[in-house]
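**Student:** Next comes the structure file my_file.tsv, holding TSV, C-alpha atoms and all ligand atoms.
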```tsv
chain	number	residue	atom	x	y	z
A	84	MET	CA	14.67	-46.94	16.25
A	85	ASN	CA	14.54	-50.24	18.06
A	86	ASP	CA	16.15	-52.96	15.96
A	87	ALA	CA	15.41	-55.58	18.64
A	88	PRO	CA	12.45	-57.79	17.71
A	89	HIS	CA	10.17	-56.33	20.41
A	90	GLN	CA	10.00	-53.38	22.76
A	91	PRO	CA	11.11	-54.93	26.05
A	92	VAL	CA	8.58	-55.45	28.78
A	93	LEU	CA	8.02	-52.48	31.15
A	94	TYR	CA	10.71	-50.50	29.34
A	95	LYS	CA	9.75	-47.02	30.51
A	96	GLU	CA	9.12	-48.26	34.03
A	97	ILE	CA	12.58	-49.85	34.23
A	98	ILE	CA	14.35	-46.71	33.04
A	99	HIS	CA	12.25	-44.49	35.30
A	100	GLY	CA	12.80	-46.85	38.24
A	101	LEU	CA	16.57	-47.26	37.86
A	102	GLN	CA	17.14	-43.54	37.22
A	103	PRO	CA	20.38	-44.07	35.28
A	104	GLY	CA	22.68	-41.06	35.33
A	105	ARG	CA	25.92	-39.96	33.72
A	106	GLY	CA	28.99	-41.71	35.00
A	107	GLY	CA	26.93	-44.51	36.57
A	108	ARG	CA	27.74	-48.23	36.48
A	109	TYR	CA	24.90	-50.61	35.69
A	110	VAL	CA	24.33	-54.33	35.29
A	111	ASP	CA	21.80	-56.01	33.05
A	112	GLY	CA	21.91	-59.63	34.25
A	113	THR	CA	19.49	-60.85	31.55
A	114	LEU	CA	20.64	-59.00	28.49
A	115	GLY	CA	18.41	-60.74	25.91
A	116	ALA	CA	18.17	-58.55	22.80
A	117	GLY	CA	19.61	-55.61	24.72
A	118	GLY	CA	16.47	-53.46	24.83
A	119	HIS	CA	16.60	-52.50	28.50
A	120	ALA	CA	20.39	-52.19	28.29
A	121	ARG	CA	20.10	-49.71	25.43
A	122	GLY	CA	17.68	-47.58	27.44
A	123	ILE	CA	20.07	-47.57	30.40
A	124	LEU	CA	23.00	-46.58	28.17
A	125	GLU	CA	21.00	-43.79	26.54
A	126	ALA	CA	19.86	-42.43	29.89
A	127	SER	CA	23.38	-42.56	31.35
A	128	ALA	CA	25.08	-40.87	28.38
A	129	PRO	CA	27.74	-39.81	27.74
A	130	ASP	CA	29.81	-42.01	30.02
A	131	GLY	CA	27.59	-44.46	31.96
A	132	GLN	CA	28.86	-48.03	31.69
A	133	LEU	CA	27.01	-51.31	31.53
A	134	LEU	CA	27.93	-54.91	32.27
A	135	GLY	CA	25.57	-57.20	30.35
A	136	LEU	CA	25.25	-60.91	31.08
A	137	ASP	CA	23.37	-63.69	29.33
A	138	VAL	CA	23.93	-67.44	29.17
A	139	ASP	CA	22.62	-67.54	25.60
A	140	PRO	CA	25.24	-66.86	22.87
A	141	GLN	CA	22.43	-65.99	20.40
A	142	ALA	CA	21.13	-63.33	22.79
A	143	LEU	CA	24.62	-61.88	23.18
A	144	ALA	CA	25.08	-61.69	19.40
A	145	LEU	CA	21.75	-59.88	19.09
A	146	ALA	CA	22.55	-57.52	21.96
A	147	ARG	CA	25.97	-56.76	20.51
A	148	LYS	CA	24.21	-55.45	17.38
A	149	THR	CA	21.61	-53.45	19.32
A	150	LEU	CA	24.31	-51.93	21.50
A	151	ALA	CA	26.91	-51.30	18.78
A	152	PRO	CA	26.56	-47.48	19.12
A	153	TYR	CA	27.64	-47.78	22.77
A	154	GLU	CA	30.57	-50.13	22.17
A	155	GLN	CA	32.97	-48.03	24.26
A	156	ARG	CA	30.73	-48.21	27.34
A	157	ILE	CA	29.69	-51.87	27.44
A	158	HIS	CA	31.13	-55.11	28.76
A	159	LEU	CA	29.18	-58.15	27.50
A	160	VAL	CA	29.88	-61.56	28.98
A	161	GLN	CA	28.35	-64.98	28.27
A	162	ALA	CA	27.72	-65.99	31.86
A	163	SER	CA	24.95	-66.63	34.34
A	164	TYR	CA	23.77	-63.79	36.55
A	165	THR	CA	24.46	-66.19	39.42
A	166	SER	CA	28.13	-65.28	38.88
A	167	LEU	CA	27.37	-61.55	39.41
A	168	SER	CA	29.88	-60.96	42.23
A	169	ALA	CA	32.65	-62.76	40.36
A	170	GLN	CA	31.93	-60.81	37.14
A	171	LEU	CA	32.09	-57.51	39.00
A	172	ALA	CA	35.36	-58.52	40.67
A	173	GLN	CA	36.74	-59.41	37.24
A	174	LEU	CA	35.91	-55.90	35.99
A	175	GLY	CA	37.27	-54.29	39.14
A	176	TRP	CA	33.88	-52.72	39.94
A	177	ASP	CA	33.39	-52.66	43.70
A	178	ALA	CA	29.85	-51.26	43.62
A	179	VAL	CA	27.21	-50.46	41.01
A	180	ASP	CA	24.39	-47.92	40.72
A	181	GLY	CA	21.72	-50.18	39.30
A	182	ILE	CA	20.93	-53.80	38.45
A	183	VAL	CA	18.13	-55.07	36.24
A	184	LEU	CA	16.90	-58.65	35.96
A	185	ASP	CA	14.17	-59.43	33.41
A	186	LEU	CA	13.63	-63.09	34.15
A	187	GLY	CA	12.59	-66.07	32.06
A	188	ALA	CA	12.85	-66.73	28.35
A	189	SER	CA	13.04	-64.02	25.68
A	190	SER	CA	10.72	-63.53	22.70
A	191	MET	CA	13.64	-64.57	20.52
A	192	GLN	CA	13.97	-67.86	22.42
A	193	PHE	CA	10.21	-68.56	22.29
A	194	ASP	CA	10.09	-67.67	18.61
A	195	THR	CA	13.05	-69.87	17.58
A	196	PRO	CA	11.31	-73.22	17.06
A	197	GLU	CA	14.44	-75.38	17.33
A	198	ARG	CA	15.07	-74.18	20.91
A	199	GLY	CA	12.06	-76.27	22.01
A	200	PHE	CA	10.43	-73.62	24.27
A	201	SER	CA	7.17	-73.43	22.35
A	202	PHE	CA	4.45	-76.05	22.20
A	203	GLN	CA	3.25	-74.45	18.99
A	204	HIS	CA	6.19	-75.70	16.92
A	205	ASP	CA	7.64	-79.16	16.53
A	206	ALA	CA	11.27	-79.30	17.72
A	207	PRO	CA	13.62	-81.32	19.91
A	208	LEU	CA	12.74	-81.11	23.62
A	209	ASP	CA	15.62	-78.82	24.56
A	210	MET	CA	14.56	-75.63	26.48
A	211	ARG	CA	18.06	-74.74	27.69
A	212	PHE	CA	18.75	-71.01	27.94
A	213	GLY	CA	22.36	-71.69	26.97
A	214	PRO	CA	24.95	-74.39	26.33
A	215	SER	CA	26.24	-74.31	29.92
A	216	VAL	CA	22.92	-75.73	31.17
A	217	LEU	CA	23.58	-79.38	31.85
A	218	GLN	CA	20.25	-81.06	31.13
A	219	THR	CA	17.60	-80.73	28.42
A	220	ALA	CA	13.84	-81.11	28.76
A	221	ALA	CA	14.18	-84.52	27.04
A	222	ASP	CA	16.59	-85.64	29.77
A	223	LEU	CA	14.05	-84.77	32.48
A	224	VAL	CA	11.04	-86.21	30.66
A	225	ASN	CA	12.79	-89.50	29.93
A	226	LYS	CA	14.77	-90.02	33.13
A	227	LEU	CA	12.72	-88.82	36.11
A	228	SER	CA	10.41	-91.21	37.92
A	229	GLU	CA	6.65	-90.75	37.52
A	230	ARG	CA	6.49	-89.31	41.02
A	231	GLU	CA	9.32	-86.84	40.40
A	232	LEU	CA	7.73	-85.72	37.13
A	233	ALA	CA	4.33	-85.25	38.77
A	234	ASP	CA	5.87	-83.18	41.57
A	235	LEU	CA	7.86	-81.06	39.13
A	236	ILE	CA	4.82	-80.36	36.93
A	237	TYR	CA	2.69	-79.58	39.97
A	238	GLN	CA	5.22	-77.35	41.75
A	239	TYR	CA	6.67	-75.41	38.84
A	240	GLY	CA	3.63	-75.51	36.56
A	241	GLU	CA	0.89	-75.30	39.22
A	242	GLU	CA	-0.84	-77.86	37.00
A	243	ARG	CA	-3.88	-79.63	38.48
A	244	ASP	CA	-3.55	-82.58	36.09
A	245	SER	CA	0.11	-83.19	37.00
A	246	ARG	CA	-0.39	-86.82	38.07
A	247	LYS	CA	-2.33	-87.77	34.96
A	248	ILE	CA	0.22	-86.04	32.75
A	249	ALA	CA	3.19	-87.67	34.50
A	250	ARG	CA	1.62	-91.10	34.18
A	251	ALA	CA	0.93	-90.58	30.48
A	252	ILE	CA	4.49	-89.34	29.85
A	253	VAL	CA	6.01	-92.37	31.56
A	254	ARG	CA	3.80	-94.72	29.49
A	255	ALA	CA	4.66	-92.99	26.20
A	256	ARG	CA	8.38	-92.38	26.65
A	257	PRO	CA	10.97	-92.05	25.29
A	258	LEU	CA	9.76	-88.66	24.04
A	259	HIS	CA	12.08	-86.59	21.89
A	260	THR	CA	10.03	-83.73	20.44
A	261	THR	CA	7.70	-80.99	21.60
A	262	ARG	CA	4.95	-82.36	19.33
A	263	GLU	CA	5.19	-85.82	20.95
A	264	LEU	CA	4.91	-84.25	24.40
A	265	VAL	CA	1.97	-82.02	23.40
A	266	THR	CA	0.11	-85.04	21.97
A	267	VAL	CA	0.56	-86.98	25.22
A	268	ILE	CA	-0.66	-84.02	27.31
A	269	GLU	CA	-3.66	-83.27	25.08
A	270	ALA	CA	-4.82	-86.89	25.34
A	271	VAL	CA	-5.14	-86.78	29.14
A	272	SER	CA	-5.74	-83.09	29.83
A	273	PRO	CA	-8.14	-81.77	27.22
A	274	ARG	CA	-8.69	-78.08	26.59
A	275	ARG	CA	-11.24	-76.61	29.01
A	276	GLY	CA	-13.27	-73.79	27.50
A	277	ASP	CA	-11.02	-70.97	26.33
A	278	ARG	CA	-8.44	-71.41	29.07
A	279	LEU	CA	-4.74	-71.87	28.42
A	280	HIS	CA	-3.55	-74.54	26.05
A	281	PRO	CA	-3.26	-77.74	28.14
A	282	ALA	CA	0.50	-77.97	27.52
A	283	THR	CA	1.26	-74.42	28.78
A	284	ARG	CA	1.86	-75.30	32.42
A	285	THR	CA	3.87	-78.46	31.75
A	286	PHE	CA	6.13	-76.57	29.34
A	287	GLN	CA	6.62	-73.80	31.90
A	288	ALA	CA	7.46	-76.37	34.58
A	289	LEU	CA	10.03	-78.15	32.43
A	290	ARG	CA	11.67	-74.86	31.42
A	291	ILE	CA	11.99	-73.75	35.05
A	292	ALA	CA	13.46	-77.11	36.05
A	293	VAL	CA	15.85	-77.41	33.09
A	294	ASN	CA	17.35	-73.98	33.81
A	295	GLU	CA	17.07	-74.17	37.61
A	296	GLU	CA	15.40	-70.79	37.42
A	297	LEU	CA	14.14	-70.49	41.00
A	298	ALA	CA	17.43	-71.55	42.58
A	299	SER	CA	19.24	-69.04	40.33
A	300	ILE	CA	17.02	-66.19	41.53
A	301	GLU	CA	17.66	-67.15	45.14
A	302	GLU	CA	21.38	-67.19	44.42
A	303	VAL	CA	21.57	-63.80	42.70
A	304	LEU	CA	19.44	-61.63	45.02
A	305	PRO	CA	21.91	-61.47	47.96
A	306	GLN	CA	24.77	-60.84	45.50
A	307	ALA	CA	22.78	-58.00	43.95
A	308	VAL	CA	22.23	-56.34	47.34
A	309	ALA	CA	25.90	-56.73	48.23
A	310	SER	CA	26.95	-55.20	44.90
A	311	LEU	CA	24.84	-52.05	45.04
A	312	ARG	CA	26.23	-48.81	46.33
A	313	THR	CA	24.10	-46.82	48.79
A	314	ARG	CA	20.98	-45.54	46.96
A	315	GLY	CA	21.73	-47.93	44.09
A	316	ARG	CA	18.64	-49.67	42.76
A	317	LEU	CA	17.62	-53.22	41.95
A	318	ALA	CA	14.77	-53.78	39.47
A	319	VAL	CA	13.40	-57.28	38.88
A	320	ILE	CA	10.70	-58.33	36.40
A	321	SER	CA	9.12	-61.72	36.98
A	322	PHE	CA	6.55	-63.60	34.94
A	323	HIS	CA	4.90	-66.05	37.29
A	324	SER	CA	3.86	-66.26	40.89
A	325	LEU	CA	6.66	-68.63	41.94
A	326	GLU	CA	9.33	-66.14	40.92
A	327	ASP	CA	7.44	-63.16	42.25
A	328	ARG	CA	6.99	-64.81	45.66
A	329	ILE	CA	10.76	-65.34	46.04
A	330	ILE	CA	11.48	-61.73	45.08
A	331	LYS	CA	8.70	-60.26	47.22
A	332	GLU	CA	9.77	-62.19	50.31
A	333	PHE	CA	13.43	-61.36	49.82
A	334	LEU	CA	12.74	-57.63	49.43
A	335	ARG	CA	10.38	-57.62	52.46
A	336	GLU	CA	12.95	-59.44	54.58
A	337	GLN	CA	15.81	-57.15	53.57
A	338	SER	CA	13.68	-54.06	54.20
A	339	LYS	CA	13.31	-54.87	57.89
A	340	ASP	CA	15.78	-54.41	60.72
A	341	LEU	CA	16.59	-57.83	62.13
A	342	VAL	CA	16.49	-57.60	65.91
A	343	ASN	CA	16.57	-60.58	68.23
A	344	PRO	CA	13.62	-60.59	70.62
A	345	PRO	CA	15.09	-60.33	74.14
A	346	TYR	CA	12.85	-63.04	75.58
A	347	GLU	CA	13.64	-65.70	73.00
A	348	ARG	CA	16.75	-67.74	72.58
A	349	ILE	CA	17.47	-66.69	69.03
A	350	TYR	CA	21.05	-65.85	68.30
A	351	GLU	CA	21.01	-64.59	64.77
A	352	VAL	CA	23.23	-61.76	63.70
A	353	GLU	CA	21.35	-58.53	64.17
A	354	ARG	CA	21.39	-56.27	61.16
A	355	LYS	CA	19.84	-53.10	59.87
A	356	ALA	CA	17.58	-53.18	56.83
A	357	THR	CA	19.68	-53.29	53.67
A	358	LEU	CA	16.94	-52.24	51.27
A	359	LYS	CA	14.01	-49.88	51.02
A	360	GLU	CA	11.17	-51.00	48.77
A	361	VAL	CA	10.47	-48.38	46.11
A	362	THR	CA	7.40	-50.31	44.89
A	363	ARG	CA	5.23	-51.65	47.72
A	364	LYS	CA	2.97	-53.17	45.08
A	365	PRO	CA	4.43	-54.61	41.87
A	366	VAL	CA	4.26	-52.45	38.77
A	367	MET	CA	2.27	-54.11	35.97
A	368	PRO	CA	2.18	-53.30	32.26
A	369	SER	CA	-0.56	-51.09	30.83
A	370	ASP	CA	-3.24	-52.44	28.46
A	371	GLU	CA	-1.41	-50.60	25.70
A	372	ASP	CA	1.86	-52.44	26.53
A	373	ILE	CA	0.07	-55.78	26.57
A	374	LYS	CA	-1.46	-55.05	23.17
A	375	ASN	CA	2.01	-54.34	21.75
A	376	ASN	CA	3.63	-57.28	23.48
A	377	PRO	CA	1.32	-60.07	24.67
A	378	ARG	CA	4.20	-61.67	26.58
A	379	ALA	CA	4.02	-58.71	28.98
A	380	ARG	CA	0.61	-59.92	30.21
A	381	SER	CA	1.87	-61.53	33.41
A	382	ALA	CA	4.90	-59.30	34.09
A	383	LYS	CA	5.45	-57.80	37.55
A	384	LEU	CA	8.20	-55.32	38.33
A	385	ARG	CA	9.57	-54.75	41.82
A	386	ILE	CA	12.18	-52.12	42.63
A	387	ALA	CA	14.22	-51.63	45.78
A	388	GLU	CA	16.91	-49.15	46.82
A	389	LYS	CA	20.00	-49.93	48.88
A	390	THR	CA	19.91	-48.13	52.21
A	401	LIG	C1	13.21	-61.86	29.12
A	401	LIG	S1	14.76	-62.02	28.38
A	401	LIG	C2	15.50	-60.45	28.62
A	401	LIG	C3	15.14	-59.43	27.57
A	401	LIG	C4	15.91	-58.14	27.74
A	401	LIG	N1	15.57	-57.43	28.96
A	401	LIG	C5	15.72	-57.20	26.56
A	401	LIG	O1	15.51	-56.00	26.78
A	401	LIG	O2	15.79	-57.65	25.41
A	401	LIG	C6	15.62	-63.02	29.52
A	401	LIG	C7	17.03	-63.38	29.13
A	401	LIG	O3	17.68	-63.86	30.30
A	401	LIG	C8	18.54	-64.89	29.94
A	401	LIG	N2	18.79	-65.70	31.13
A	401	LIG	C9	17.98	-66.57	31.73
A	401	LIG	N3	18.56	-67.09	32.83
A	401	LIG	C10	19.77	-66.51	32.93
A	401	LIG	C11	20.86	-66.60	33.86
A	401	LIG	N4	20.80	-67.43	34.91
A	401	LIG	N5	21.93	-65.83	33.66
A	401	LIG	C12	22.01	-64.97	32.59
A	401	LIG	N6	21.03	-64.85	31.67
A	401	LIG	C13	19.92	-65.61	31.85
A	401	LIG	C14	17.83	-65.62	28.84
A	401	LIG	O4	18.75	-66.34	28.05
A	401	LIG	C15	17.15	-64.47	28.08
A	401	LIG	O5	17.96	-64.03	27.02
```
For the file at hand, write its structure as structure tokens.
Ligand SMILES: C[S@@+](CC[C@H](N)C(=O)[O-])C[C@H]1O[C@@H](n2cnc3c(N)ncnc32)[C@H](O)[C@@H]1O
**Tutor:**
Amino acid sequence: MNDAPHQPVLYKEIIHGLQPGRGGRYVDGTLGAGGHARGILEASAPDGQLLGLDVDPQALALARKTLAPYEQRIHLVQASYTSLSAQLAQLGWDAVDGIVLDLGASSMQFDTPERGFSFQHDAPLDMRFGPSVLQTAADLVNKLSERELADLIYQYGEERDSRKIARAIVRARPLHTTRELVTVIEAVSPRRGDRLHPATRTFQALRIAVNEELASIEEVLPQAVASLRTRGRLAVISFHSLEDRIIKEFLREQSKDLVNPPYERIYEVERKATLKEVTRKPVMPSDEDIKNNPRARSAKLRIAEKT
């Protein structure tokens, strides 16, 4: 039975896509509660090994429990997936058979009020995935200029009311709690019909900025490709269009041979495609999955194979 709080998003699709086998070496770069990791370990029994990374010590503690039956085959490290190459070097693994990244915050993080991820609970404006993250949401909200805040909320939240919200934040600050921030947002950006809660996009934007999520994805993808052995697979689940765009473009780019056109003065290094896309279109959760786990609603899975 699953003793993690929720069945992880696109669980079957991840296991089917990665095709873990006996003796394989796998990386879960976003371990969370260890749900996907457990599936990989089960499917690669009796001797598949897994390196699991997470920046959140609470996630690691949870995963350690979930994965206790596989203790002999796991290596769990509190570290960012942006240190993937270094972590593999540390283990002495020169290539791996599969890598999974299930991006964003976990259900556990959303459901722990004091972490400050949820606008439905009152808590300090924190939103850090782990203690190594240098700034909190309060730091950003209270220190950035109105212009910087507006840009951040617009870019990372795709929020139409970003300017109004930024102006209201600057007038009301210092802000220390999620409730204070929600009140400021609700006053200038009222609920429209049955659309999202007006604070949803601003909270998403702050979380992405606090944890430098987009830069981290850009940093890890080339390391993932370099770490896979031939026919090894990379599976990435994203939850919003900004992440998905980075992943889609990277996979497209790496799936093409790079040849310099003879008539143009471009002197880039020519290279063969490094990846083959296994999923031309992203895999999305079924209605059944969404019913069991509403967080799965916006998930998109892309899988590629090293050539
Ligand atoms: C959606 S959850 C993963 C859930 C997991 N797949 C499971 O089956 O339970 C994402 C996790 O990634 C972690 N995380 C986010 N950014 C990270 C990073 N740069 N490096 C390592 N872990 C990260 C978060 O702390 C969170 O625990």
**Student:** Compute the set of protein, DNA and RNA residues whose minimum atom distance to ligand LIG 401 (chain A) is at most 7 Å, using only C-alpha atoms and all ligand atoms, and state it as a PDB file with C-alpha atoms, keeping the file's coordinate frame.
**Tutor:**
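The resulting file, out33.pdb, is shown below:
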```
ATOM      1  CA  PRO A  91      11.110 -54.930  26.050  1.00  0.00           C
ATOM      2  CA  GLY A 112      21.910 -59.630  34.250  1.00  0.00           C
ATOM      3  CA  THR A 113      19.490 -60.850  31.550  1.00  0.00           C
ATOM      4  CA  LEU A 114      20.640 -59.000  28.490  1.00  0.00           C
ATOM      5  CA  GLY A 115      18.410 -60.740  25.910  1.00  0.00           C
ATOM      6  CA  ALA A 116      18.170 -58.550  22.800  1.00  0.00           C
ATOM      7  CA  GLY A 117      19.610 -55.610  24.720  1.00  0.00           C
ATOM      8  CA  GLY A 118      16.470 -53.460  24.830  1.00  0.00           C
ATOM      9  CA  HIS A 119      16.600 -52.500  28.500  1.00  0.00           C
ATOM     10  CA  ALA A 120      20.390 -52.190  28.290  1.00  0.00           C
ATOM     11  CA  LEU A 136      25.250 -60.910  31.080  1.00  0.00           C
ATOM     12  CA  ASP A 137      23.370 -63.690  29.330  1.00  0.00           C
ATOM     13  CA  VAL A 138      23.930 -67.440  29.170  1.00  0.00           C
ATOM     14  CA  ASP A 139      22.620 -67.540  25.600  1.00  0.00           C
ATOM     15  CA  ALA A 142      21.130 -63.330  22.790  1.00  0.00           C
ATOM     16  CA  ALA A 162      27.720 -65.990  31.860  1.00  0.00           C
ATOM     17  CA  SER A 163      24.950 -66.630  34.340  1.00  0.00           C
ATOM     18  CA  TYR A 164      23.770 -63.790  36.550  1.00  0.00           C
ATOM     19  CA  THR A 165      24.460 -66.190  39.420  1.00  0.00           C
ATOM     20  CA  ASP A 185      14.170 -59.430  33.410  1.00  0.00           C
ATOM     21  CA  LEU A 186      13.630 -63.090  34.150  1.00  0.00           C
ATOM     22  CA  GLY A 187      12.590 -66.070  32.060  1.00  0.00           C
ATOM     23  CA  ALA A 188      12.850 -66.730  28.350  1.00  0.00           C
ATOM     24  CA  SER A 189      13.040 -64.020  25.680  1.00  0.00           C
ATOM     25  CA  PHE A 212      18.750 -71.010  27.940  1.00  0.00           C
ATOM     26  CA  GLY A 213      22.360 -71.690  26.970  1.00  0.00           C
ATOM     27  CA  GLU A 296      15.400 -70.790  37.420  1.00  0.00           C
ATOM     28  CA  SER A 299      19.240 -69.040  40.330  1.00  0.00           C
TER      29      SER A 299
END
```
**Student:** Measuring atom to atom with only C-alpha atoms, identify which of A:Arg284, A:Arg380, A:Arg108, A:Arg121 is nearest to A:Tyr94.
**Tutor:**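 Smallest separation from A:Tyr94 among the options: A:Arg121.
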**Student:** In terms of the shortest atom-to-atom distance over only C-alpha atoms, which of A:Leu279, A:Ile252, A:Pro273, A:Leu124 is closest to A:Glu231?
**Tutor:**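 Of all the options, A:Ile252 lies closest to A:Glu231.
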**Student:** Could you please determine the separation between atom CA of A:Leu93 and atom CA of A:Ile236 in Å, to one decimal place?
**Tutor:** 28.7 Å
**Student:** Please report the interatomic distance between atom CA of A:Arg290 and atom CA of A:Ala318 in Å with one decimal.
**Tutor:**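 According to the coordinates, atom CA of A:Arg290 and atom CA of A:Ala318 are separated by 22.8 Å.
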**Student:** Would you mind reading off the distance between atom CA of A:Arg363 and atom CA of A:Gly104, one decimal, in Å?
**Tutor:**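 So the two atoms, atom CA of A:Arg363 and atom CA of A:Gly104, lie 23.9 Å apart.
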**Student:** For each of A:Ala387, A:Leu232, A:Met210, A:Ala379, take the minimum atom-to-atom distance to A:Val361, counting all atoms listed in the file, then give the residue where this is smallest.
**Tutor:**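 Once distances to A:Val361 are computed over all atoms listed in the file, the minimum belongs to A:Ala387.
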**Student:** Which residue out of A:Glu360, A:Leu133, A:Phe322, A:Gln141 has the minimum interatomic distance to A:Gln155 when only C-alpha atoms are used?
**Tutor:** A:Leu133
**Student:** Which residue gives the smallest distance to A:Ser272 among A:Arg254, A:Arg246, A:Arg354, A:Arg211, with all atoms listed in the file counted?
**Tutor:**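 Using all atoms listed in the file, A:Ser272 sits closest to A:Arg246.
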**Student:** Counting all atoms listed in the file, which residue out of A:Gln161, A:Ser190, A:Gln173, A:Ser381 sits closest to A:Ser321?
**Tutor:** A:Ser381
**Student:** Complete the atom set of stretch 314-326 of chain A to N, CA and C atoms and return it as a PDB file, in the frame of the given file.
**Tutor:**
```
ATOM      1  N   ARG A 314      21.958 -46.170  47.852  1.00  0.00           N
ATOM      2  CA  ARG A 314      20.980 -45.540  46.960  1.00  0.00           C
ATOM      3  C   ARG A 314      20.974 -46.146  45.562  1.00  0.00           C
ATOM      4  N   GLY A 315      21.811 -47.184  45.361  1.00  0.00           N
ATOM      5  CA  GLY A 315      21.730 -47.930  44.090  1.00  0.00           C
ATOM      6  C   GLY A 315      20.432 -48.717  44.071  1.00  0.00           C
ATOM      7  N   ARG A 316      19.956 -49.042  42.858  1.00  0.00           N
ATOM      8  CA  ARG A 316      18.640 -49.670  42.760  1.00  0.00           C
ATOM      9  C   ARG A 316      18.665 -51.023  42.050  1.00  0.00           C
ATOM     10  N   LEU A 317      17.792 -51.901  42.549  1.00  0.00           N
ATOM     11  CA  LEU A 317      17.620 -53.220  41.950  1.00  0.00           C
ATOM     12  C   LEU A 317      16.206 -53.286  41.375  1.00  0.00           C
ATOM     13  N   ALA A 318      16.084 -53.670  40.108  1.00  0.00           N
ATOM     14  CA  ALA A 318      14.770 -53.780  39.470  1.00  0.00           C
ATOM     15  C   ALA A 318      14.623 -55.195  38.910  1.00  0.00           C
ATOM     16  N   VAL A 319      13.569 -55.892  39.323  1.00  0.00           N
ATOM     17  CA  VAL A 319      13.400 -57.280  38.880  1.00  0.00           C
ATOM     18  C   VAL A 319      12.013 -57.461  38.266  1.00  0.00           C
ATOM     19  N   ILE A 320      11.990 -58.005  37.048  1.00  0.00           N
ATOM     20  CA  ILE A 320      10.700 -58.330  36.400  1.00  0.00           C
ATOM     21  C   ILE A 320      10.527 -59.843  36.430  1.00  0.00           C
ATOM     22  N   SER A 321       9.396 -60.287  36.962  1.00  0.00           N
ATOM     23  CA  SER A 321       9.120 -61.720  36.980  1.00  0.00           C
ATOM     24  C   SER A 321       7.859 -61.995  36.173  1.00  0.00           C
ATOM     25  N   PHE A 322       7.667 -63.260  35.827  1.00  0.00           N
ATOM     26  CA  PHE A 322       6.550 -63.600  34.940  1.00  0.00           C
ATOM     27  C   PHE A 322       5.597 -64.634  35.506  1.00  0.00           C
ATOM     28  N   HIS A 323       5.893 -65.165  36.676  1.00  0.00           N
ATOM     29  CA  HIS A 323       4.900 -66.050  37.290  1.00  0.00           C
ATOM     30  C   HIS A 323       5.021 -65.985  38.799  1.00  0.00           C
ATOM     31  N   SER A 324       3.992 -66.501  39.462  1.00  0.00           N
ATOM     32  CA  SER A 324       3.860 -66.260  40.890  1.00  0.00           C
ATOM     33  C   SER A 324       4.999 -66.899  41.694  1.00  0.00           C
ATOM     34  N   LEU A 325       5.589 -67.978  41.180  1.00  0.00           N
ATOM     35  CA  LEU A 325       6.660 -68.630  41.940  1.00  0.00           C
ATOM     36  C   LEU A 325       7.871 -67.708  42.055  1.00  0.00           C
ATOM     37  N   GLU A 326       8.214 -67.086  40.920  1.00  0.00           N
ATOM     38  CA  GLU A 326       9.330 -66.140  40.920  1.00  0.00           C
ATOM     39  C   GLU A 326       8.991 -64.932  41.788  1.00  0.00           C
TER      40      GLU A 326
END
```
